[in-house]
>>> print(open('my_file.pdb').read())   # PDB, C-alpha atoms
ATOM      1  CA  MET G   1      -2.508 -10.217   9.540
ATOM      2  CA  ASN G   2      -0.670 -10.134   6.234
ATOM      3  CA  THR G   3       1.129  -6.907   5.474
ATOM      4  CA  PRO G   4       0.194  -5.630   2.022
ATOM      5  CA  GLU G   5       3.163  -5.511  -0.331
ATOM      6  CA  ARG G   6       1.642  -2.765  -2.454
ATOM      7  CA  ALA G   7       0.017   0.584  -1.871
ATOM      8  CA  LEU G   8      -3.082   1.803  -3.685
ATOM      9  CA  LEU G   9      -2.520   5.080  -5.533
ATOM     10  CA  LEU G  10      -5.836   6.917  -5.926
ATOM     11  CA  SER G  11      -6.313   9.837  -8.310
ATOM     12  CA  LEU G  12      -8.829  12.262  -6.835
ATOM     13  CA  HIS G  13     -10.196  15.658  -7.692
ATOM     14  CA  PRO G  14      -8.591  18.144  -5.240
ATOM     15  CA  ARG G  15     -11.969  18.749  -3.573
ATOM     16  CA  PHE G  16     -12.223  15.063  -2.629
ATOM     17  CA  ALA G  17      -8.541  14.688  -1.747
ATOM     18  CA  THR G  18      -8.886  17.592   0.700
ATOM     19  CA  ALA G  19     -12.126  16.206   2.157
ATOM     20  CA  ILE G  20     -10.432  12.849   2.828
ATOM     21  CA  LEU G  21      -7.366  14.459   4.398
ATOM     22  CA  THR G  22      -9.502  16.621   6.702
ATOM     23  CA  GLY G  23     -11.663  13.643   7.728
ATOM     24  CA  GLU G  24     -14.889  14.995   6.182
ATOM     25  CA  LYS G  25     -14.959  12.136   3.663
ATOM     26  CA  THR G  26     -14.190   8.557   4.709
ATOM     27  CA  VAL G  27     -15.548   6.706   1.671
ATOM     28  CA  GLU G  28     -14.180   6.935  -1.866
ATOM     29  CA  LEU G  29     -16.395   5.627  -4.654
ATOM     30  CA  ARG G  30     -15.565   3.665  -7.796
ATOM     31  CA  ARG G  31     -17.857   2.554 -10.640
ATOM     32  CA  GLN G  32     -16.534  -1.006 -10.756
ATOM     33  CA  ARG G  33     -15.684  -3.834  -8.429
ATOM     34  CA  VAL G  34     -12.468  -3.153  -6.555
ATOM     35  CA  ALA G  35     -10.779  -6.003  -4.694
ATOM     36  CA  VAL G  36      -8.216  -4.591  -2.270
ATOM     37  CA  PRO G  37      -7.329  -6.250   1.044
ATOM     38  CA  PRO G  38      -8.083  -4.381   4.275
ATOM     39  CA  GLY G  39      -5.017  -2.690   5.722
ATOM     40  CA  THR G  40      -3.722  -1.616   2.310
ATOM     41  CA  PRO G  41      -2.027   1.788   2.476
ATOM     42  CA  VAL G  42      -3.551   4.432   0.207
ATOM     43  CA  ILE G  43      -1.573   7.231  -1.426
ATOM     44  CA  ILE G  44      -3.635  10.223  -2.470
ATOM     45  CA  TYR G  45      -2.837  11.993  -5.732
ATOM     46  CA  ALA G  46      -4.757  15.249  -6.218
ATOM     47  CA  THR G  47      -5.442  15.909  -9.912
ATOM     48  CA  SER G  48      -5.290  19.247 -11.761
ATOM     49  CA  PRO G  49      -4.711  21.993 -10.790
ATOM     50  CA  VAL G  50      -2.804  20.549  -7.765
ATOM     51  CA  MET G  51      -1.130  17.603  -9.587
ATOM     52  CA  ALA G  52       0.741  16.177  -6.575
ATOM     53  CA  LEU G  53       0.811  13.418  -3.992
ATOM     54  CA  THR G  54      -0.858  15.128  -1.047
ATOM     55  CA  GLY G  55      -1.351  12.512   1.649
ATOM     56  CA  THR G  56      -2.029   8.973   2.773
ATOM     57  CA  ALA G  57      -4.795   6.913   4.337
ATOM     58  CA  ARG G  58      -5.468   3.277   5.204
ATOM     59  CA  LEU G  59      -8.113   1.119   3.531
ATOM     60  CA  THR G  60     -10.248  -0.647   6.137
ATOM     61  CA  GLY G  61     -12.556  -2.444   3.709
ATOM     62  CA  VAL G  62     -14.417  -2.415   0.415
ATOM     63  CA  ASP G  63     -18.203  -2.564   0.100
ATOM     64  CA  THR G  64     -19.337  -3.620  -3.391
ATOM     65  CA  ALA G  65     -22.994  -3.721  -4.386
ATOM     66  CA  ALA G  66     -25.523  -2.182  -6.752
ATOM     67  CA  PRO G  67     -25.155   1.614  -6.935
ATOM     68  CA  GLY G  68     -28.464   2.215  -5.109
ATOM     69  CA  GLN G  69     -27.387   0.046  -2.169
ATOM     70  CA  ILE G  70     -23.987   1.749  -1.938
ATOM     71  CA  TRP G  71     -25.697   5.160  -1.840
ATOM     72  CA  ARG G  72     -28.061   4.079   0.956
ATOM     73  CA  ARG G  73     -25.208   2.675   3.052
ATOM     74  CA  HIS G  74     -22.592   5.416   2.532
ATOM     75  CA  ARG G  75     -24.380   8.626   1.518
ATOM     76  CA  THR G  76     -23.332  10.486   4.672
ATOM     77  CA  THR G  77     -19.612   9.682   4.329
ATOM     78  CA  CYS G  78     -18.921   9.804   0.565
ATOM     79  CA  GLY G  79     -18.714  13.599   0.280
ATOM     80  CA  ILE G  80     -21.009  14.136  -2.718
ATOM     81  CA  SER G  81     -24.637  15.035  -3.300
ATOM     82  CA  ARG G  82     -27.272  12.599  -4.537
ATOM     83  CA  THR G  83     -27.298  14.397  -7.920
ATOM     84  CA  GLU G  84     -23.500  14.057  -8.288
ATOM     85  CA  TYR G  85     -23.663  10.401  -7.244
ATOM     86  CA  THR G  86     -26.419   9.574  -9.747
ATOM     87  CA  ALA G  87     -24.518  11.278 -12.578
ATOM     88  CA  TYR G  88     -21.262   9.493 -11.666
ATOM     89  CA  MET G  89     -22.870   6.047 -11.374
ATOM     90  CA  GLU G  90     -25.042   6.328 -14.504
ATOM     91  CA  GLY G  91     -24.846   3.036 -16.412
ATOM     92  CA  ALA G  92     -22.731   1.270 -13.767
ATOM     93  CA  ALA G  93     -23.822  -2.238 -12.773
ATOM     94  CA  HIS G  94     -21.742  -2.207  -9.592
ATOM     95  CA  ALA G  95     -20.269   0.354  -7.262
ATOM     96  CA  SER G  96     -17.458  -0.003  -4.751
ATOM     97  CA  ALA G  97     -17.138   2.043  -1.601
ATOM     98  CA  LEU G  98     -13.523   2.167  -0.414
ATOM     99  CA  LEU G  99     -13.633   2.654   3.352
ATOM    100  CA  LEU G 100     -10.761   4.825   4.588
ATOM    101  CA  ASP G 101      -9.300   5.890   7.902
ATOM    102  CA  SER G 102      -6.051   7.307   9.334
ATOM    103  CA  ALA G 103      -5.892  10.021   6.661
ATOM    104  CA  ARG G 104      -2.895  12.357   6.971
ATOM    105  CA  ALA G 105      -1.687  15.152   4.720
ATOM    106  CA  LEU G 106       1.970  15.294   3.730
ATOM    107  CA  SER G 107       3.912  18.240   5.136
ATOM    108  CA  SER G 108       5.015  19.006   1.578
ATOM    109  CA  PRO G 109       3.106  17.678  -1.466
ATOM    110  CA  VAL G 110       5.181  15.771  -4.037
ATOM    111  CA  PRO G 111       4.468  17.483  -7.396
ATOM    112  CA  LEU G 112       3.976  15.667 -10.681
ATOM    113  CA  ASP G 113       7.184  17.080 -12.197
ATOM    114  CA  HIS G 114       9.168  15.489  -9.346
ATOM    115  CA  LEU G 115       7.373  12.153  -9.844
ATOM    116  CA  ARG G 116       8.386  12.259 -13.514
ATOM    117  CA  ALA G 117      12.001  13.298 -12.870
ATOM    118  CA  THR G 118      13.420   9.774 -12.502
ATOM    119  CA  ARG G 119      11.026   7.685 -14.586
ATOM    120  CA  ALA G 120       7.960   7.858 -16.779
ATOM    121  CA  PHE G 121       5.014   8.369 -14.446
ATOM    122  CA  HIS G 122       1.411   8.814 -15.468
ATOM    123  CA  PRO G 123      -1.210   9.431 -12.795
ATOM    124  CA  PRO G 124      -3.907   6.765 -13.040
ATOM    125  CA  GLN G 125      -7.407   7.606 -14.280
ATOM    126  CA  SER G 126      -8.853   5.882 -11.218
ATOM    127  CA  TYR G 127      -6.284   3.876  -9.254
ATOM    128  CA  ARG G 128      -3.217   1.707  -9.582
ATOM    129  CA  TYR G 129      -0.862  -0.223  -7.356
ATOM    130  CA  LEU G 130       2.657   0.812  -6.392
ATOM    131  CA  THR G 131       5.267  -1.337  -4.721
ATOM    132  CA  HIS G 132       7.418   0.178  -1.994
ATOM    133  CA  GLN G 133      10.351   0.177  -4.429
ATOM    134  CA  ASP G 134       8.321   1.962  -7.150
ATOM    135  CA  LEU G 135       7.241   4.639  -4.704
ATOM    136  CA  GLN G 136      10.751   5.036  -3.353
ATOM    137  CA  GLN G 137      12.058   5.718  -6.877
ATOM    138  CA  LEU G 138       9.279   8.231  -7.555
ATOM    139  CA  VAL G 139       9.774  10.312  -4.408
ATOM    140  CA  ASP G 140      13.547   9.930  -3.992
ATOM    141  CA  GLY G 141      15.168  13.279  -3.269
ATOM    142  CA  HIS G 142      11.949  15.072  -2.287
ATOM    143  CA  GLU G 143      11.739  16.580   1.197
ATOM    144  CA  ALA G 144       8.607  14.488   1.973
ATOM    145  CA  SER G 145      10.212  11.233   0.798
ATOM    146  CA  ASP G 146      11.031   9.818   4.244
ATOM    147  CA  GLU G 147       7.703  10.977   5.671
ATOM    148  CA  LEU G 148       5.753   9.210   2.926
ATOM    149  CA  LEU G 149       7.795   6.003   2.963
ATOM    150  CA  ASP G 150       7.607   5.803   6.779
ATOM    151  CA  ARG G 151       3.808   5.647   6.532
ATOM    152  CA  LEU G 152       3.943   2.503   4.416
ATOM    153  CA  PRO G 153       4.879  -0.986   5.530
ATOM    154  CA  ALA G 154       8.474  -1.936   4.884
ATOM    155  CA  PRO G 155       8.932  -4.226   1.904
ATOM    156  CA  PRO G 156       9.110  -7.906   2.805
ATOM    157  CA  THR G 157      12.561  -9.336   3.134
ATOM    158  CA  PRO G 158      13.285 -12.614   1.383
ATOM    159  CA  ALA G 159      13.137 -15.620   3.663
ATOM    160  CA  ARG G 160      16.567 -16.974   4.483
ATOM    161  CA  THR G 161      17.203 -20.661   4.810
ATOM    162  CA  PRO G 162      19.306 -21.282   7.884
ATOM    163  CA  THR G 163      22.810 -22.503   7.060
ATOM    164  CA  PRO G 164      23.577 -25.764   8.828
ATOM    165  CA  PRO G 165      26.810 -25.980  10.825
ATOM    166  CA  PRO G 166      29.697 -27.306   8.700
ATOM    167  CA  HIS G 167      29.910 -30.684  10.448
ATOM    168  CA  ALA G 168      26.157 -31.367  10.136
ATOM    169  CA  ALA G 169      26.494 -32.059   6.422
ATOM    170  CA  MET G 170      29.314 -34.592   6.895
ATOM    171  CA  PRO G 171      28.557 -38.308   7.002
ATOM    172  CA  PRO G 172      28.620 -39.731  10.570
ATOM    173  CA  SER G 173      32.002 -41.421  10.092
ATOM    174  CA  ARG G 174      33.616 -38.106   9.084
ATOM    175  CA  LYS G 175      32.233 -35.844  11.833
ATOM    176  CA  PRO G 176      34.900 -34.328  14.083
ATOM    177  CA  HIS G 177      35.392 -35.947  17.445
ATOM    178  CA  THR G 178      34.774 -34.067  20.625
ATOM    179  CA  LEU G 179      37.330 -33.873  23.416
ATOM    180  CA  CYS G 180      35.354 -36.388  25.449
ATOM    181  CA  SER G 181      35.463 -38.996  22.705
ATOM    182  CA  ALA G 182      39.178 -38.336  22.139
ATOM    183  CA  ALA G 183      39.921 -38.936  25.822
ATOM    184  CA  LEU G 184      38.033 -42.226  25.745
ATOM    185  CA  VAL G 185      40.114 -43.656  22.930
ATOM    186  CA  THR G 186      43.456 -42.690  24.518
ATOM    187  CA  SER G 187      45.146 -45.722  26.013
ATOM    188  CA  ALA G 188      47.349 -43.757  28.421
ATOM    189  CA  PRO G 189      46.090 -43.730  32.004
ATOM    190  CA  VAL G 190      44.832 -40.440  33.329
ATOM    191  CA  GLN G 191      46.706 -39.278  36.452
TER     192      GLN G 191
END
>>> encode(input="my_file.pdb", output="structure tokens")
Amino acid sequence: MNTPERALLLSLHPRFATAILTGEKTVELRRQRVAVPPGTPVIIYATSPVMALTGTARLTGVDTAAPGQIWRRHRTTCGISRTEYTAYMEGAAHASALLLDSARALSSPVPLDHLRATRAFHPPQSYRYLTHQDLQQLVDGHEASDELLDRLPAPPTPARTPTPPPHAAMPPSRKPHTLCSAALVTSAPVQ
């Protein structure tokens, strides 16, 4: 399985962020097609009044279909009422159900002011991707930094081309002789 190189940062109302982190909600909804590979780590950002990274989860799949079909398939796990769903999906041609598992709250939420301390950070309206390096810069120095980064796959290391031994690059006539070949060309008798 390929290890995702990016995490999915989801902005959620605190009610839904809490429901995901407690396991009451295992499906997050979006009004458009979302193409994210299974296994992608998810970072949960709870919007106002919390305004902090509050936990993580793992994306197990994405179900995209007409809004009515998504409701029928996921109504018991999406954490909203039929009335809320209809209002949210009004006018949408497609809906995506992001299937989540392994949700875990952070021991200490990472507040928005910390995320903005080292670089310009704007929470996404819906979602965005973060590389391991981006996330590391955002949470550096926070007490939950190691905890959060440990939950994500390590960034890929560049492939190294093996270095050939020094004599392998030499033309055959210039390769060093071994002791055996040196003994064979010696004219003195061995005693």
>>> atom_distance(input="my_file.pdb", atom1="atom CA of Glu5 of chain G", atom2="atom CA of Thr40 of chain G")
8.3 Å
>>> resolve_selection(input="my_file.pdb", expression="the PyMOL selection byres ((chain G and resi 58) around 8)", output="PyMOL selection string")
chain G and resi 39-42+56-57+59-60+100-103
>>> residues_around(input="my_file.pdb", residues="Ala95 of chain G", least_positions_apart="5", cutoff="10 Å", atoms="all atoms listed in the file", output="mmCIF file with C-alpha atoms, keeping the file's coordinate frame")
data_model
loop_
_atom_site.group_PDB
_atom_site.id
_atom_site.type_symbol
_atom_site.label_atom_id
_atom_site.label_comp_id
_atom_site.auth_asym_id
_atom_site.auth_seq_id
_atom_site.Cartn_x
_atom_site.Cartn_y
_atom_site.Cartn_z
ATOM 1 C CA LEU G 29 -16.395 5.627 -4.654
ATOM 2 C CA ARG G 30 -15.565 3.665 -7.796
ATOM 3 C CA ARG G 31 -17.857 2.554 -10.640
ATOM 4 C CA GLN G 32 -16.534 -1.006 -10.756
ATOM 5 C CA ARG G 33 -15.684 -3.834 -8.429
ATOM 6 C CA VAL G 34 -12.468 -3.153 -6.555
ATOM 7 C CA ASP G 63 -18.203 -2.564 0.100
ATOM 8 C CA THR G 64 -19.337 -3.620 -3.391
ATOM 9 C CA ALA G 65 -22.994 -3.721 -4.386
ATOM 10 C CA ALA G 66 -25.523 -2.182 -6.752
ATOM 11 C CA PRO G 67 -25.155 1.614 -6.935
ATOM 12 C CA GLY G 68 -28.464 2.215 -5.109
ATOM 13 C CA GLN G 69 -27.387 0.046 -2.169
ATOM 14 C CA ILE G 70 -23.987 1.749 -1.938
ATOM 15 C CA TRP G 71 -25.697 5.160 -1.840
ATOM 16 C CA MET G 89 -22.870 6.047 -11.374
#
>>> resolve_selection(input="my_file.pdb", expression="the PyMOL selection byres ((chain G and resi 126) around 8)", output="list in words")
Leu10, Ser11, Leu12, Arg30, Pro124, Gln125, Tyr127 and Arg128 of chain G
>>> atom_distance(input="my_file.pdb", atom1="atom CA of Phe16 of chain G", atom2="atom CA of Val139 of chain G")
22.6 Å
>>> residues_around(input="my_file.pdb", residues="Glu147 of chain G", least_positions_apart="3", cutoff="10 Å", atoms="all atoms listed in the file", output="list of chain:residue names")
G:Leu106, G:Ser107, G:Ser108, G:His142, G:Glu143, G:Ala144, G:Asp150, G:Arg151, G:Leu152
>>> decode(input="my_file.pdb", residues="segment 124-155 of chain G", atoms="N, CA and C atoms", output="PDB file, in the first residue's frame")
ATOM      1  N   PRO G 124      -8.901  26.227   6.311  1.00  0.00           N
ATOM      2  CA  PRO G 124      -9.657  26.101   5.068  1.00  0.00           C
ATOM      3  C   PRO G 124     -11.164  26.219   5.311  1.00  0.00           C
ATOM      4  N   GLN G 125     -11.902  26.638   4.293  1.00  0.00           N
ATOM      5  CA  GLN G 125     -13.360  26.671   4.387  1.00  0.00           C
ATOM      6  C   GLN G 125     -13.911  25.252   4.514  1.00  0.00           C
ATOM      7  N   SER G 126     -13.309  24.324   3.785  1.00  0.00           N
ATOM      8  CA  SER G 126     -13.772  22.943   3.785  1.00  0.00           C
ATOM      9  C   SER G 126     -12.620  21.995   4.156  1.00  0.00           C
ATOM     10  N   TYR G 127     -11.631  21.914   3.260  1.00  0.00           N
ATOM     11  CA  TYR G 127     -10.467  21.076   3.511  1.00  0.00           C
ATOM     12  C   TYR G 127      -9.299  21.559   2.674  1.00  0.00           C
ATOM     13  N   ARG G 128      -8.126  21.113   3.049  1.00  0.00           N
ATOM     14  CA  ARG G 128      -6.916  21.339   2.270  1.00  0.00           C
ATOM     15  C   ARG G 128      -5.903  20.274   2.647  1.00  0.00           C
ATOM     16  N   TYR G 129      -4.855  20.186   1.852  1.00  0.00           N
ATOM     17  CA  TYR G 129      -3.805  19.213   2.117  1.00  0.00           C
ATOM     18  C   TYR G 129      -2.629  19.886   2.812  1.00  0.00           C
ATOM     19  N   LEU G 130      -1.966  19.113   3.659  1.00  0.00           N
ATOM     20  CA  LEU G 130      -0.742  19.568   4.326  1.00  0.00           C
ATOM     21  C   LEU G 130       0.312  18.482   4.172  1.00  0.00           C
ATOM     22  N   THR G 131       1.515  18.890   3.811  1.00  0.00           N
ATOM     23  CA  THR G 131       2.615  17.925   3.816  1.00  0.00           C
ATOM     24  C   THR G 131       3.104  17.784   5.254  1.00  0.00           C
ATOM     25  N   HIS G 132       3.873  16.749   5.499  1.00  0.00           N
ATOM     26  CA  HIS G 132       4.449  16.530   6.824  1.00  0.00           C
ATOM     27  C   HIS G 132       5.284  17.752   7.227  1.00  0.00           C
ATOM     28  N   GLN G 133       6.045  18.275   6.282  1.00  0.00           N
ATOM     29  CA  GLN G 133       6.902  19.437   6.565  1.00  0.00           C
ATOM     30  C   GLN G 133       6.060  20.669   6.905  1.00  0.00           C
ATOM     31  N   ASP G 134       4.971  20.904   6.170  1.00  0.00           N
ATOM     32  CA  ASP G 134       4.084  22.037   6.469  1.00  0.00           C
ATOM     33  C   ASP G 134       3.534  21.924   7.887  1.00  0.00           C
ATOM     34  N   LEU G 135       3.056  20.734   8.221  1.00  0.00           N
ATOM     35  CA  LEU G 135       2.476  20.529   9.544  1.00  0.00           C
ATOM     36  C   LEU G 135       3.527  20.700  10.629  1.00  0.00           C
ATOM     37  N   GLN G 136       4.711  20.187  10.379  1.00  0.00           N
ATOM     38  CA  GLN G 136       5.789  20.305  11.354  1.00  0.00           C
ATOM     39  C   GLN G 136       6.085  21.779  11.650  1.00  0.00           C
ATOM     40  N   GLN G 137       6.116  22.608  10.622  1.00  0.00           N
ATOM     41  CA  GLN G 137       6.364  24.043  10.819  1.00  0.00           C
ATOM     42  C   GLN G 137       5.230  24.702  11.597  1.00  0.00           C
ATOM     43  N   LEU G 138       3.997  24.276  11.341  1.00  0.00           N
ATOM     44  CA  LEU G 138       2.847  24.881  12.016  1.00  0.00           C
ATOM     45  C   LEU G 138       2.785  24.547  13.505  1.00  0.00           C
ATOM     46  N   VAL G 139       3.151  23.326  13.868  1.00  0.00           N
ATOM     47  CA  VAL G 139       2.994  22.909  15.267  1.00  0.00           C
ATOM     48  C   VAL G 139       4.298  22.938  16.058  1.00  0.00           C
ATOM     49  N   ASP G 140       5.400  23.288  15.408  1.00  0.00           N
ATOM     50  CA  ASP G 140       6.701  23.312  16.077  1.00  0.00           C
ATOM     51  C   ASP G 140       6.638  24.136  17.366  1.00  0.00           C
ATOM     52  N   GLY G 141       7.142  23.557  18.429  1.00  0.00           N
ATOM     53  CA  GLY G 141       7.190  24.253  19.715  1.00  0.00           C
ATOM     54  C   GLY G 141       5.952  24.052  20.576  1.00  0.00           C
ATOM     55  N   HIS G 142       4.900  23.475  20.057  1.00  0.00           N
ATOM     56  CA  HIS G 142       3.700  23.229  20.861  1.00  0.00           C
ATOM     57  C   HIS G 142       3.853  21.903  21.593  1.00  0.00           C
ATOM     58  N   GLU G 143       3.274  21.795  22.775  1.00  0.00           N
ATOM     59  CA  GLU G 143       3.418  20.577  23.571  1.00  0.00           C
ATOM     60  C   GLU G 143       2.817  19.340  22.900  1.00  0.00           C
ATOM     61  N   ALA G 144       1.875  19.511  21.963  1.00  0.00           N
ATOM     62  CA  ALA G 144       1.277  18.368  21.263  1.00  0.00           C
ATOM     63  C   ALA G 144       1.960  18.087  19.923  1.00  0.00           C
ATOM     64  N   SER G 145       3.038  18.793  19.629  1.00  0.00           N
ATOM     65  CA  SER G 145       3.721  18.651  18.348  1.00  0.00           C
ATOM     66  C   SER G 145       4.139  17.209  18.064  1.00  0.00           C
ATOM     67  N   ASP G 146       4.891  16.604  18.974  1.00  0.00           N
ATOM     68  CA  ASP G 146       5.369  15.237  18.756  1.00  0.00           C
ATOM     69  C   ASP G 146       4.209  14.247  18.662  1.00  0.00           C
ATOM     70  N   GLU G 147       3.213  14.432  19.518  1.00  0.00           N
ATOM     71  CA  GLU G 147       2.042  13.558  19.505  1.00  0.00           C
ATOM     72  C   GLU G 147       1.346  13.593  18.144  1.00  0.00           C
ATOM     73  N   LEU G 148       1.147  14.771  17.612  1.00  0.00           N
ATOM     74  CA  LEU G 148       0.476  14.926  16.322  1.00  0.00           C
ATOM     75  C   LEU G 148       1.317  14.365  15.185  1.00  0.00           C
ATOM     76  N   LEU G 149       2.584  14.713  15.151  1.00  0.00           N
ATOM     77  CA  LEU G 149       3.458  14.239  14.063  1.00  0.00           C
ATOM     78  C   LEU G 149       3.662  12.726  14.117  1.00  0.00           C
ATOM     79  N   ASP G 150       3.654  12.132  15.306  1.00  0.00           N
ATOM     80  CA  ASP G 150       3.805  10.682  15.427  1.00  0.00           C
ATOM     81  C   ASP G 150       2.615   9.918  14.852  1.00  0.00           C
ATOM     82  N   ARG G 151       1.476  10.575  14.750  1.00  0.00           N
ATOM     83  CA  ARG G 151       0.273   9.927  14.212  1.00  0.00           C
ATOM     84  C   ARG G 151       0.244   9.927  12.684  1.00  0.00           C
ATOM     85  N   LEU G 152       1.156  10.649  12.080  1.00  0.00           N
ATOM     86  CA  LEU G 152       1.192  10.741  10.624  1.00  0.00           C
ATOM     87  C   LEU G 152       2.347   9.919  10.090  1.00  0.00           C
ATOM     88  N   PRO G 153       2.233   9.454   8.846  1.00  0.00           N
ATOM     89  CA  PRO G 153       3.361   8.714   8.285  1.00  0.00           C
ATOM     90  C   PRO G 153       4.565   9.629   8.122  1.00  0.00           C
ATOM     91  N   ALA G 154       5.730   9.051   8.300  1.00  0.00           N
ATOM     92  CA  ALA G 154       6.963   9.828   8.111  1.00  0.00           C
ATOM     93  C   ALA G 154       7.066  10.231   6.648  1.00  0.00           C
ATOM     94  N   PRO G 155       7.654  11.389   6.388  1.00  0.00           N
ATOM     95  CA  PRO G 155       7.797  11.807   4.992  1.00  0.00           C
ATOM     96  C   PRO G 155       8.707  10.838   4.248  1.00  0.00           C
TER      97      PRO G 155
END
